[in-house]
Amino acid sequence: MKLEILSSLPSKRRSSTPLLFVHGAYVAAWCWEEYFLPHFSAQGYAAHAVSLRGHGGSEGHESLHMHSLDDYVEDLRRTVVQLGVSPALVGHSMGGIVVQRYIERFHAPAAVLMASVPPSGLLGSTLDLMRADPAFFHEIGLLQYVNPHLVSREGVRRALFSPDTADAEVAKVLGRGQRESYRAIMDMTWPQFRVNGRRNSIPPMLVLGGERDAFFSPDAVRATAEAYGAEAEILPDMAHAMMLESRWQRAADRILAWLSAQGI
């Protein structure tokens, strides 16, 4: 299985530990390419992003709906082996739960979860969304089960961005979105882990949430952090797609400060 890896390398290394970014559902490694990869490499980190199988330029599109979360964890493992050194992991949304599953089995020097699917799974958040905004929930159904390109620009804005995000930024995502694996969605629906007995083996972790996130409320973000005995921080005026928002640098710089505090 050939996997797409996008990289931005520093002119002068600040850290011997590289960073590996893991995207969420419906997107690919490209979501990190415009802002996060060059920003982190400018700060001295070798920054990489992988497109999980069936996403972006990776193989596996023809069998997308058969791919499981464990398949994505295997993609992450293979990418780490290819890098040749264990990276700090940054996972967004679905990528956050892939990172959580990875660290259940493998070593990582540090992990950052951004607007991540919680260990309790998607079910609670999905039911909350269905009750609070049925029209928006319908648009998400179009994205997954009909055609990603039937989703409206305003639907994408409500799903991913703060209200003041420029139309051009929303259009970029609208034009590049794709379906997600049915199997992976089902895997994410239910509770995931038994983390309470494994806190001693969990790496240092930062859990970030957005005040305006349409999927995962600040309370859900704090619950994720509590499950791991980790730090949680809610970023004001930010929505789900933190790496693509106009305020993306708030999230990036918070991660940089945290990595520095961990000696990375």
# chains A, B, ... in the order shown; residues from 1 in each chain; ligands from 1
$ residues_around --residues "Glu62 (chain A)" --least-positions-apart "4" --cutoff "12 Å" --atoms "only C-alpha atoms" --output "PyMOL selection string"
chain A and resi 53-55+58+66-67+179+181
$ residues_around --residues "Tyr35 (chain A)" --least-positions-apart "5" --cutoff "8 Å" --atoms "only C-alpha atoms" --output "list in words"
Met243, Leu244 and Trp248 of chain A
$ atom_distance --atom1 "CA of Ala251 (chain A)" --atom2 "CA of Ala223 (chain A)"
19.4 Å
$ atom_distance --atom1 "CA of Ile103 (chain A)" --atom2 "CA of Met238 (chain A)"
26.9 Å
$ atom_distance --atom1 "CA of Asp213 (chain A)" --atom2 "CA of Leu235 (chain A)"
9.9 Å
$ residues_around --residues "Asp167 (chain A)" --least-positions-apart "4" --cutoff "10 Å" --atoms "only C-alpha atoms" --output "PyMOL selection string"
chain A and resi 153-154+157+171-172
$ residues_around --residues "Ser15 (chain A)" --least-positions-apart "3" --cutoff "8 Å" --atoms "only C-alpha atoms" --output "list in words"
Pro18, Gly44, Tyr45 and Ile264 of chain A
$ write_last_selection --atoms "C-alpha atoms" --output "short mmCIF file (atom, residue, chain, number, x, y, z; two decimals), in the first residue's frame"
data_model
loop_
_atom_site.label_atom_id
_atom_site.label_comp_id
_atom_site.auth_asym_id
_atom_site.auth_seq_id
_atom_site.Cartn_x
_atom_site.Cartn_y
_atom_site.Cartn_z
CA PRO A 18 10.15 15.10 13.74
CA GLY A 44 13.13 24.07 13.06
CA TYR A 45 11.02 20.89 12.96
CA ILE A 264 11.03 18.50 22.10
#
$ closest_residue --among "A:His92, A:Arg222, A:Arg183, A:Arg212" --to "Gly24 (chain A)" --atoms "only C-alpha atoms"
A:His92
$ residues_around --residues "region 225-234 of chain A" --least-positions-apart "4" --cutoff "6 Å" --atoms "only C-alpha atoms" --output "VMD selection string"
chain A and resid 205 to 211
$ select_by_dssp --residues "region 41-107 of chain A" --states "alpha helix (DSSP H)" --output "PyMOL selection string"
chain A and resi 41-42+69-83+94-105
$ write_last_selection --atoms "N, CA and C atoms" --output "tab-separated table (two decimals), in the first residue's frame"
chain	number	residue	atom	x	y	z
A	41	SER	N	8.15	23.78	10.08
A	41	SER	CA	9.51	23.64	9.56
A	41	SER	C	10.29	24.95	9.72
A	42	ALA	N	9.59	26.09	9.61
A	42	ALA	CA	10.26	27.38	9.83
A	42	ALA	C	10.75	27.52	11.26
A	69	LEU	N	-10.33	1.57	11.28
A	69	LEU	CA	-9.41	2.40	12.06
A	69	LEU	C	-8.08	1.68	12.28
A	70	ASP	N	-8.14	0.37	12.47
A	70	ASP	CA	-6.90	-0.38	12.65
A	70	ASP	C	-6.04	-0.35	11.39
A	71	ASP	N	-6.67	-0.31	10.21
A	71	ASP	CA	-5.90	-0.14	8.98
A	71	ASP	C	-5.19	1.21	8.98
A	72	TYR	N	-5.88	2.23	9.45
A	72	TYR	CA	-5.26	3.56	9.52
A	72	TYR	C	-4.12	3.58	10.53
A	73	VAL	N	-4.28	2.87	11.63
A	73	VAL	CA	-3.18	2.76	12.60
A	73	VAL	C	-1.97	2.08	11.95
A	74	GLU	N	-2.23	1.07	11.14
A	74	GLU	CA	-1.13	0.40	10.43
A	74	GLU	C	-0.45	1.37	9.46
A	75	ASP	N	-1.24	2.22	8.79
A	75	ASP	CA	-0.64	3.25	7.93
A	75	ASP	C	0.28	4.17	8.73
A	76	LEU	N	-0.18	4.54	9.91
A	76	LEU	CA	0.63	5.40	10.77
A	76	LEU	C	1.90	4.68	11.20
A	77	ARG	N	1.78	3.41	11.57
A	77	ARG	CA	2.96	2.64	11.97
A	77	ARG	C	3.97	2.55	10.83
A	78	ARG	N	3.49	2.27	9.64
A	78	ARG	CA	4.39	2.15	8.48
A	78	ARG	C	5.07	3.48	8.17
A	79	THR	N	4.35	4.55	8.35
A	79	THR	CA	4.94	5.87	8.10
A	79	THR	C	6.04	6.17	9.11
A	80	VAL	N	5.79	5.83	10.37
A	80	VAL	CA	6.80	6.03	11.41
A	80	VAL	C	8.06	5.23	11.08
A	81	VAL	N	7.88	3.98	10.67
A	81	VAL	CA	9.03	3.14	10.28
A	81	VAL	C	9.79	3.78	9.12
A	82	GLN	N	9.05	4.32	8.15
A	82	GLN	CA	9.69	4.96	7.00
A	82	GLN	C	10.49	6.20	7.42
A	83	LEU	N	9.99	6.95	8.40
A	83	LEU	CA	10.72	8.13	8.87
A	83	LEU	C	12.01	7.75	9.56
A	94	MET	N	-10.78	12.60	13.27
A	94	MET	CA	-10.55	11.16	13.14
A	94	MET	C	-9.09	10.81	13.33
A	95	GLY	N	-8.20	11.69	12.84
A	95	GLY	CA	-6.78	11.45	13.04
A	95	GLY	C	-6.40	11.41	14.51
A	96	GLY	N	-7.16	12.12	15.34
A	96	GLY	CA	-6.93	12.07	16.77
A	96	GLY	C	-7.20	10.71	17.35
A	97	ILE	N	-8.24	10.04	16.87
A	97	ILE	CA	-8.53	8.72	17.41
A	97	ILE	C	-7.58	7.68	16.83
A	98	VAL	N	-7.07	7.90	15.61
A	98	VAL	CA	-6.02	7.04	15.07
A	98	VAL	C	-4.77	7.14	15.95
A	99	VAL	N	-4.42	8.36	16.34
A	99	VAL	CA	-3.28	8.55	17.24
A	99	VAL	C	-3.54	7.87	18.58
A	100	GLN	N	-4.75	8.00	19.11
A	100	GLN	CA	-5.06	7.35	20.39
A	100	GLN	C	-4.88	5.84	20.30
A	101	ARG	N	-5.35	5.24	19.21
A	101	ARG	CA	-5.19	3.79	19.03
A	101	ARG	C	-3.71	3.42	18.85
A	102	TYR	N	-2.99	4.27	18.16
A	102	TYR	CA	-1.57	3.99	17.93
A	102	TYR	C	-0.81	3.93	19.26
A	103	ILE	N	-1.03	4.92	20.13
A	103	ILE	CA	-0.26	4.95	21.37
A	103	ILE	C	-0.70	3.89	22.37
A	104	GLU	N	-1.81	3.22	22.10
A	104	GLU	CA	-2.17	2.05	22.90
A	104	GLU	C	-1.20	0.90	22.64
A	105	ARG	N	-0.55	0.91	21.47
A	105	ARG	CA	0.27	-0.23	21.05
A	105	ARG	C	1.75	0.12	20.85
$ residues_around --residues "Met188 (chain A)" --least-positions-apart "2" --cutoff "6 Å" --atoms "only C-alpha atoms" --output "list in words"
Gly121, Leu122, Ile185, Met186 and Trp190 of chain A
$ select_by_dssp --residues "region 9-258 of chain A" --states "strand (DSSP E)" --output "PyMOL selection string"
chain A and resi 19-22+47-50+88-92+111-114+205-210+231-235
$ write_last_selection --atoms "C-alpha atoms" --output "compact mmCIF listing (two decimals), in the first residue's frame"
# COMPACT_ATOMS: atom_id res chain seq x y z
CA LEU A 19 6.44 15.86 13.72
CA LEU A 20 3.87 13.68 11.97
CA PHE A 21 0.43 15.14 11.30
CA VAL A 22 -2.59 12.84 10.84
CA ALA A 47 7.20 18.29 9.55
CA HIS A 48 5.42 15.46 7.75
CA ALA A 49 1.79 14.64 6.98
CA VAL A 50 0.47 11.28 5.78
CA ALA A 88 5.67 13.45 17.95
CA LEU A 89 2.15 12.83 16.66
CA VAL A 90 -0.50 15.45 15.94
CA GLY A 91 -3.93 14.06 15.08
CA HIS A 92 -7.01 16.04 14.06
CA ALA A 111 0.93 13.36 21.20
CA VAL A 112 -1.34 16.29 20.40
CA LEU A 113 -5.07 15.77 19.82
CA MET A 114 -6.82 18.57 17.93
CA MET A 205 -0.32 14.74 25.65
CA LEU A 206 -1.96 18.05 24.80
CA VAL A 207 -5.67 18.11 23.97
CA LEU A 208 -6.94 21.12 22.02
CA GLY A 209 -10.53 22.07 21.27
CA GLY A 210 -12.24 24.95 19.53
CA GLU A 231 -3.82 19.04 29.58
CA ALA A 232 -6.88 20.47 27.81
CA GLU A 233 -7.17 23.89 26.25
CA ILE A 234 -10.14 25.46 24.47
CA LEU A 235 -9.09 28.00 21.85
$ residues_around --residues "Glu180 (chain A)" --least-positions-apart "3" --cutoff "8 Å" --atoms "only C-alpha atoms" --output "VMD selection string"
chain A and resid 25 to 26 64 to 65 144 184 to 185
